[in-house]
$ cat target-v4.cif   # mmCIF, C-alpha atoms
data_coords
loop_
_atom_site.label_atom_id
_atom_site.label_comp_id
_atom_site.auth_asym_id
_atom_site.auth_seq_id
_atom_site.Cartn_x
_atom_site.Cartn_y
_atom_site.Cartn_z
CA MET A 1 -86.50 45.40 5.14
CA SER A 2 -84.84 44.09 8.26
CA LYS A 3 -82.24 46.29 9.91
CA SER A 4 -78.79 44.94 10.56
CA ARG A 5 -78.03 44.47 14.19
CA THR A 6 -74.62 44.93 15.74
CA PRO A 7 -73.63 42.06 18.01
CA THR A 8 -73.92 42.94 21.64
CA HIS A 9 -70.25 42.23 22.44
CA LEU A 10 -69.15 44.79 19.78
CA LYS A 11 -71.20 47.57 21.35
CA ARG A 12 -69.26 47.52 24.62
CA GLY A 13 -67.02 50.57 24.72
CA PRO A 14 -64.22 51.57 27.13
CA ALA A 15 -66.69 52.80 29.70
CA THR A 16 -68.43 49.44 29.71
CA ARG A 17 -65.13 47.58 30.01
CA SER A 18 -64.07 49.89 32.84
CA ALA A 19 -67.33 49.20 34.60
CA ASP A 20 -66.73 45.50 34.13
CA GLY A 21 -63.25 45.87 35.70
CA ALA A 22 -64.69 47.73 38.67
CA SER A 23 -67.39 45.08 39.01
CA SER A 24 -64.71 42.36 38.97
CA ALA A 25 -62.72 44.20 41.66
CA ARG A 26 -65.84 44.55 43.80
CA SER A 27 -66.54 40.86 43.34
CA GLU A 28 -63.01 40.01 44.50
CA SER A 29 -63.47 42.35 47.45
CA ASN A 30 -66.72 40.65 48.40
CA THR A 31 -65.00 37.26 48.14
CA LEU A 32 -62.21 38.36 50.47
CA ALA A 33 -64.64 39.92 52.92
CA ASP A 34 -66.79 36.77 52.88
CA SER A 35 -63.76 34.54 53.46
CA LEU A 36 -62.74 36.60 56.48
CA GLY A 37 -66.27 36.68 57.87
CA THR A 38 -66.34 37.81 61.49
CA ARG A 39 -62.54 38.18 61.40
CA LEU A 40 -62.75 41.11 58.95
CA GLY A 41 -62.68 43.76 61.69
CA PRO A 42 -59.71 42.28 63.58
CA ALA A 43 -57.88 41.64 60.28
CA VAL A 44 -58.19 45.30 59.27
CA SER A 45 -57.06 46.38 62.74
CA PHE A 46 -54.05 44.06 62.58
CA ALA A 47 -53.14 45.32 59.09
CA THR A 48 -53.45 48.95 60.18
CA THR A 49 -51.27 48.33 63.24
CA GLU A 50 -48.65 46.56 61.11
CA HIS A 51 -48.73 49.45 58.62
CA PHE A 52 -48.07 51.91 61.46
CA ASN A 53 -45.23 49.74 62.82
CA LEU A 54 -43.60 49.52 59.39
CA GLN A 55 -43.79 53.27 58.92
CA THR A 56 -42.20 53.72 62.34
CA ALA A 57 -39.45 51.26 61.42
CA ARG A 58 -38.77 53.21 58.21
CA ALA A 59 -38.48 56.43 60.21
CA ILE A 60 -36.02 54.73 62.57
CA THR A 61 -33.82 53.59 59.67
CA VAL A 62 -33.70 57.14 58.31
CA SER A 63 -32.91 58.55 61.76
CA GLU A 64 -30.14 56.01 62.33
CA ALA A 65 -28.65 56.69 58.89
CA ASN A 66 -28.54 60.43 59.57
CA GLY A 67 -27.02 59.83 63.01
CA ARG A 68 -24.32 57.49 61.68
CA ALA A 69 -23.35 59.86 58.90
CA SER A 70 -23.27 62.82 61.29
CA ILE A 71 -21.03 60.98 63.77
CA TYR A 72 -18.59 60.05 61.01
CA LEU A 73 -18.44 63.55 59.53
CA ALA A 74 -18.05 65.11 63.00
CA ALA A 75 -15.15 62.76 63.80
CA LEU A 76 -13.58 63.50 60.44
CA SER A 77 -13.81 67.28 60.78
CA SER A 78 -12.40 67.32 64.33
CA SER A 79 -9.57 65.00 63.29
CA LEU A 80 -8.65 67.22 60.34
CA VAL A 81 -8.53 70.25 62.64
CA ALA A 82 -6.24 68.35 65.00
CA LEU A 83 -4.11 67.28 62.04
CA ALA A 84 -3.79 70.91 60.93
CA PHE A 85 -2.62 71.96 64.40
CA VAL A 86 -0.01 69.19 64.49
CA GLY A 87 1.17 70.18 61.04
CA GLN A 88 1.68 73.79 62.11
CA ILE A 89 3.50 72.86 65.28
CA SER A 90 5.78 70.25 63.69
CA ARG A 91 6.18 72.20 60.41
CA LEU A 92 5.12 69.08 58.48
CA GLY A 93 7.86 67.05 60.08
CA VAL A 94 8.05 63.49 61.36
CA ALA A 95 5.44 64.12 64.06
CA PHE A 96 2.93 65.26 61.43
CA TYR A 97 3.36 62.18 59.25
CA SER A 98 3.30 59.85 62.25
CA PHE A 99 0.12 61.43 63.58
CA ALA A 100 -1.54 61.46 60.14
CA LEU A 101 -0.68 57.85 59.34
CA ILE A 102 -2.15 56.74 62.67
CA LEU A 103 -5.26 58.92 62.48
CA LEU A 104 -6.31 58.52 58.85
CA PRO A 105 -6.48 54.68 58.86
CA VAL A 106 -8.65 54.86 61.97
CA LEU A 107 -10.94 57.34 60.23
CA ALA A 108 -11.01 55.07 57.18
CA PHE A 109 -12.13 52.17 59.37
CA VAL A 110 -14.88 54.29 60.91
CA GLY A 111 -15.93 55.33 57.42
CA ILE A 112 -16.07 51.74 56.16
CA VAL A 113 -18.25 50.48 59.02
CA THR A 114 -20.44 53.58 58.68
CA PHE A 115 -20.86 52.90 54.97
CA LEU A 116 -21.72 49.24 55.55
CA ARG A 117 -24.35 50.12 58.14
CA LEU A 118 -25.85 52.80 55.89
CA VAL A 119 -26.19 50.24 53.10
CA GLN A 120 -27.91 47.86 55.54
CA SER A 121 -30.26 50.64 56.63
CA SER A 122 -31.18 51.46 53.04
CA VAL A 123 -31.91 47.79 52.31
CA GLU A 124 -34.07 47.57 55.43
CA ASP A 125 -35.96 50.69 54.35
CA ILE A 126 -36.66 49.14 50.93
CA ALA A 127 -37.91 45.94 52.60
CA TYR A 128 -40.22 47.89 54.90
CA ALA A 129 -41.53 49.90 51.96
CA ARG A 130 -42.38 46.70 50.08
CA ARG A 131 -44.23 45.34 53.09
CA VAL A 132 -46.23 48.57 53.19
CA GLY A 133 -47.04 47.99 49.52
CA LEU A 134 -48.37 44.53 50.36
CA LEU A 135 -50.67 46.03 52.98
CA ARG A 136 -51.91 48.59 50.48
CA GLY A 137 -52.79 45.72 48.20
CA PHE A 138 -54.82 44.21 51.04
CA TYR A 139 -56.64 47.51 51.54
CA LEU A 140 -57.44 47.75 47.84
CA ARG A 141 -58.78 44.21 47.76
CA LEU A 142 -61.19 45.15 50.53
CA ALA A 143 -62.08 48.55 49.06
CA PRO A 144 -61.19 48.85 45.34
CA GLU A 145 -62.78 52.31 45.25
CA LEU A 146 -59.73 53.67 47.12
CA GLU A 147 -57.34 52.98 44.22
CA PRO A 148 -57.46 56.56 42.76
CA TYR A 149 -56.32 57.88 46.15
CA LEU A 150 -53.43 55.47 46.80
CA ALA A 151 -50.04 55.32 45.07
CA THR A 152 -49.92 51.70 43.97
CA GLY A 153 -48.16 49.65 41.32
CA HIS A 154 -49.28 46.47 39.63
CA ASP A 155 -46.09 45.35 37.84
CA SER A 156 -45.17 41.94 39.25
CA ARG A 157 -41.55 42.31 38.08
CA PHE A 158 -40.75 44.58 40.99
CA ALA A 159 -42.05 42.07 43.51
CA SER A 160 -40.09 39.15 42.08
CA GLN A 161 -36.93 40.94 40.96
CA PRO A 162 -35.37 43.30 43.54
CA GLY A 163 -33.03 44.71 40.88
CA ALA A 164 -35.77 45.54 38.37
CA ILE A 165 -35.28 49.27 39.03
CA ALA A 166 -31.51 49.61 38.93
CA PRO A 167 -30.25 53.07 40.00
CA SER A 168 -27.34 54.71 38.23
CA THR A 169 -23.96 55.24 39.87
CA TRP A 170 -24.77 58.92 40.32
CA GLN A 171 -28.09 58.09 42.00
CA LEU A 172 -26.30 55.77 44.44
CA THR A 173 -23.82 58.56 45.17
CA LEU A 174 -26.71 60.87 46.13
CA THR A 175 -27.63 58.57 49.02
CA ALA A 176 -26.16 58.88 52.52
CA ALA A 177 -24.12 55.72 51.92
CA GLY A 178 -22.85 57.10 48.60
CA MET A 179 -21.82 60.38 50.25
CA VAL A 180 -19.88 58.52 52.94
CA ALA A 181 -18.28 56.37 50.23
CA VAL A 182 -16.93 59.48 48.47
CA VAL A 183 -15.60 61.01 51.71
CA ASN A 184 -14.09 57.73 52.84
CA SER A 185 -12.39 57.26 49.46
CA ALA A 186 -10.78 60.68 49.88
CA VAL A 187 -9.55 59.73 53.37
CA VAL A 188 -7.97 56.52 52.07
CA ALA A 189 -6.45 58.42 49.15
CA GLY A 190 -4.94 60.96 51.53
CA ALA A 191 -3.49 58.23 53.71
CA GLY A 192 -1.91 56.54 50.68
CA GLY A 193 -0.39 59.77 49.39
CA LEU A 194 1.01 60.71 52.78
CA ALA A 195 2.50 57.23 53.18
CA LEU A 196 4.48 57.67 49.95
CA LYS A 197 5.56 61.15 50.98
CA ALA A 198 6.66 59.87 54.37
CA VAL A 199 9.01 57.29 52.84
CA GLY A 200 10.72 60.00 50.80
CA VAL A 201 9.21 59.79 47.33
CA GLY A 202 10.44 62.97 45.65
CA PRO A 203 8.05 64.74 43.24
CA SER A 204 4.69 65.64 44.72
CA ALA A 205 2.96 64.47 41.54
CA ILE A 206 3.74 60.82 42.33
CA PRO A 207 2.05 60.76 45.79
CA LEU A 208 -0.87 62.75 44.36
CA GLY A 209 -1.33 60.35 41.46
CA PHE A 210 -0.95 57.34 43.71
CA GLY A 211 -3.51 58.72 46.16
CA ALA A 212 -5.95 59.54 43.36
CA ALA A 213 -5.67 56.02 41.95
CA ILE A 214 -6.24 54.47 45.37
CA GLY A 215 -9.22 56.77 46.00
CA ALA A 216 -10.82 55.88 42.67
CA GLY A 217 -10.34 52.17 43.34
CA VAL A 218 -11.80 52.43 46.85
CA PHE A 219 -14.82 54.34 45.57
CA SER A 220 -15.36 51.71 42.88
CA LEU A 221 -15.34 48.98 45.55
CA HIS A 222 -17.84 50.95 47.64
CA GLU A 223 -20.14 51.44 44.67
CA ARG A 224 -19.99 47.78 43.61
CA TYR A 225 -20.76 46.60 47.12
CA HIS A 226 -23.67 49.04 47.39
CA ARG A 227 -25.17 47.93 44.08
CA ARG A 228 -24.68 44.22 44.81
CA ALA A 229 -26.22 44.49 48.28
CA ARG A 230 -29.20 46.40 46.94
CA SER A 231 -29.82 43.97 44.09
CA ALA A 232 -29.33 40.73 46.06
CA PHE A 233 -31.33 41.36 49.20
CA SER A 234 -34.39 39.32 50.12
CA THR A 235 -37.32 41.00 51.84
CA ASP A 236 -37.87 37.96 54.05
CA ALA A 237 -34.23 37.99 55.16
CA VAL A 238 -34.36 41.51 56.62
CA ASP A 239 -34.49 41.66 60.40
CA GLN A 240 -35.58 38.07 60.96
CA ALA A 241 -35.38 38.53 64.72
CA ALA A 242 -38.16 41.12 64.60
CA ILE A 243 -40.57 39.14 62.41
CA PHE A 244 -39.83 35.57 63.55
CA VAL A 245 -42.87 33.69 64.87
CA THR A 246 -42.32 30.51 66.84
CA SER A 247 -44.33 27.40 66.06
CA GLU A 248 -44.85 26.50 69.69
#

$ encode --input "target-v4.cif" --output "structure tokens"
Amino acid sequence: MSKSRTPTHLKRGPATRSADGASSARSESNTLADSLGTRLGPAVSFATTEHFNLQTARAITVSEANGRASIYLAALSSSLVALAFVGQISRLGVAFYSFALILLPVLAFVGIVTFLRLVQSSVEDIAYARRVGLLRGFYLRLAPELEPYLATGHDSRFASQPGAIAPSTWQLTLTAAGMVAVVNSAVVAGAGGLALKAVGVGPSAIPLGFGAAIGAGVFSLHERYHRRARSAFSTDAVDQAAIFVTSE
């Protein structure tokens, strides 16, 4: 009696399929290495140098963001101390309101430009991180065996859609730009409340409510701008002056 034979393609288990995938990756690696030929060594050196430069650029963006936020908070704290001294000397009189309504709008302006630059820095950091990811893909194409040791992703949505991973409002607030947005909203709210108090609006609840409403609105504008800038940026549009290559 003849024994039934299982077709060969049904006998291939997960291990066999995994081996086939590794073999395919090695084949692709060999194809890339063959296409580069004698340029393989210089290409790897160029990619490594670019990787180092991108990591340095990311570190610079973080350093600048910390410096900008620190300058703004230092200016704010010293201004509030000065405002407290003027309030004690003038006993919350005309001099206090005049000084406050001159100082707080200036602080609000500093806060706005600080926030805008922090958003730009965060977008630049994301762009640099994506370029690092492209270089990691190049490394893996040359040496697929390194994949278990590198943090890599293969979902093409994140390369084509910058807003594929949309952070929550709270997550945006945890960033340096989000922190400055909250502080700056409080500064604008304080300026609005003091302006009403200066013109003689009676009950304190009205200036407080007015200031709170203005602060909430300003924070909402900050958050919307932050989310829109993060979702609409193009990696190729970041720092064109640094990556532009002339055709001459």

$ residues_around --input "target-v4.cif" --residues "Ser168 (chain A)" --least-positions-apart "4" --cutoff "12 Å" --atoms "only C-alpha atoms" --output "VMD selection string"
chain A and resid 163 172 to 175 178 223 to 224 226 to 227

$ write_last_selection --input "target-v4.cif" --atoms "C-alpha atoms" --output "compact mmCIF listing (two decimals), in the frame of the given file"
# COMPACT_ATOMS: atom_id res chain seq x y z
CA GLY A 163 -33.03 44.71 40.88
CA LEU A 172 -26.30 55.77 44.44
CA THR A 173 -23.82 58.56 45.17
CA LEU A 174 -26.71 60.87 46.13
CA THR A 175 -27.63 58.57 49.02
CA GLY A 178 -22.85 57.10 48.60
CA GLU A 223 -20.14 51.44 44.67
CA ARG A 224 -19.99 47.78 43.61
CA HIS A 226 -23.67 49.04 47.39
CA ARG A 227 -25.17 47.93 44.08

$ atom_distance --input "target-v4.cif" --atom1 "CA of Tyr139 (chain A)" --atom2 "CA of Leu54 (chain A)"
15.4 Å

$ resolve_selection --input "target-v4.cif" --expression "the PyMOL selection byres ((chain A and resi 110) around 12)" --output "list in words"
Arg68, Ala69, Ser70, Ile71, Tyr72, Leu73, Ala74, Ala75, Leu76, Leu103, Leu104, Pro105, Val106, Leu107, Ala108, Phe109, Gly111, Ile112, Val113, Thr114, Phe115, Leu116, Arg117, Val180, Ala181, Val183, Asn184, Val187 and Val188 of chain A

$ closest_residue --input "target-v4.cif" --among "A:Gly37, A:Phe52, A:Ala198, A:Glu124" --to "Ala95 (chain A)" --atoms "all atoms listed in the file"
A:Ala198

$ residues_around --input "target-v4.cif" --residues "Phe99 (chain A)" --least-positions-apart "6" --cutoff "10 Å" --atoms "all atoms listed in the file" --output "JSON, numbers by chain"
{"A": [82, 83, 86, 87]}

$ closest_residue --input "target-v4.cif" --among "A:Ser98, A:Thr169, A:Ser63, A:Ser220" --to "Ser122 (chain A)" --atoms "only C-alpha atoms"
A:Ser63

$ atom_distance --input "target-v4.cif" --atom1 "CA of Glu64 (chain A)" --atom2 "CA of Ala100 (chain A)"
29.2 Å
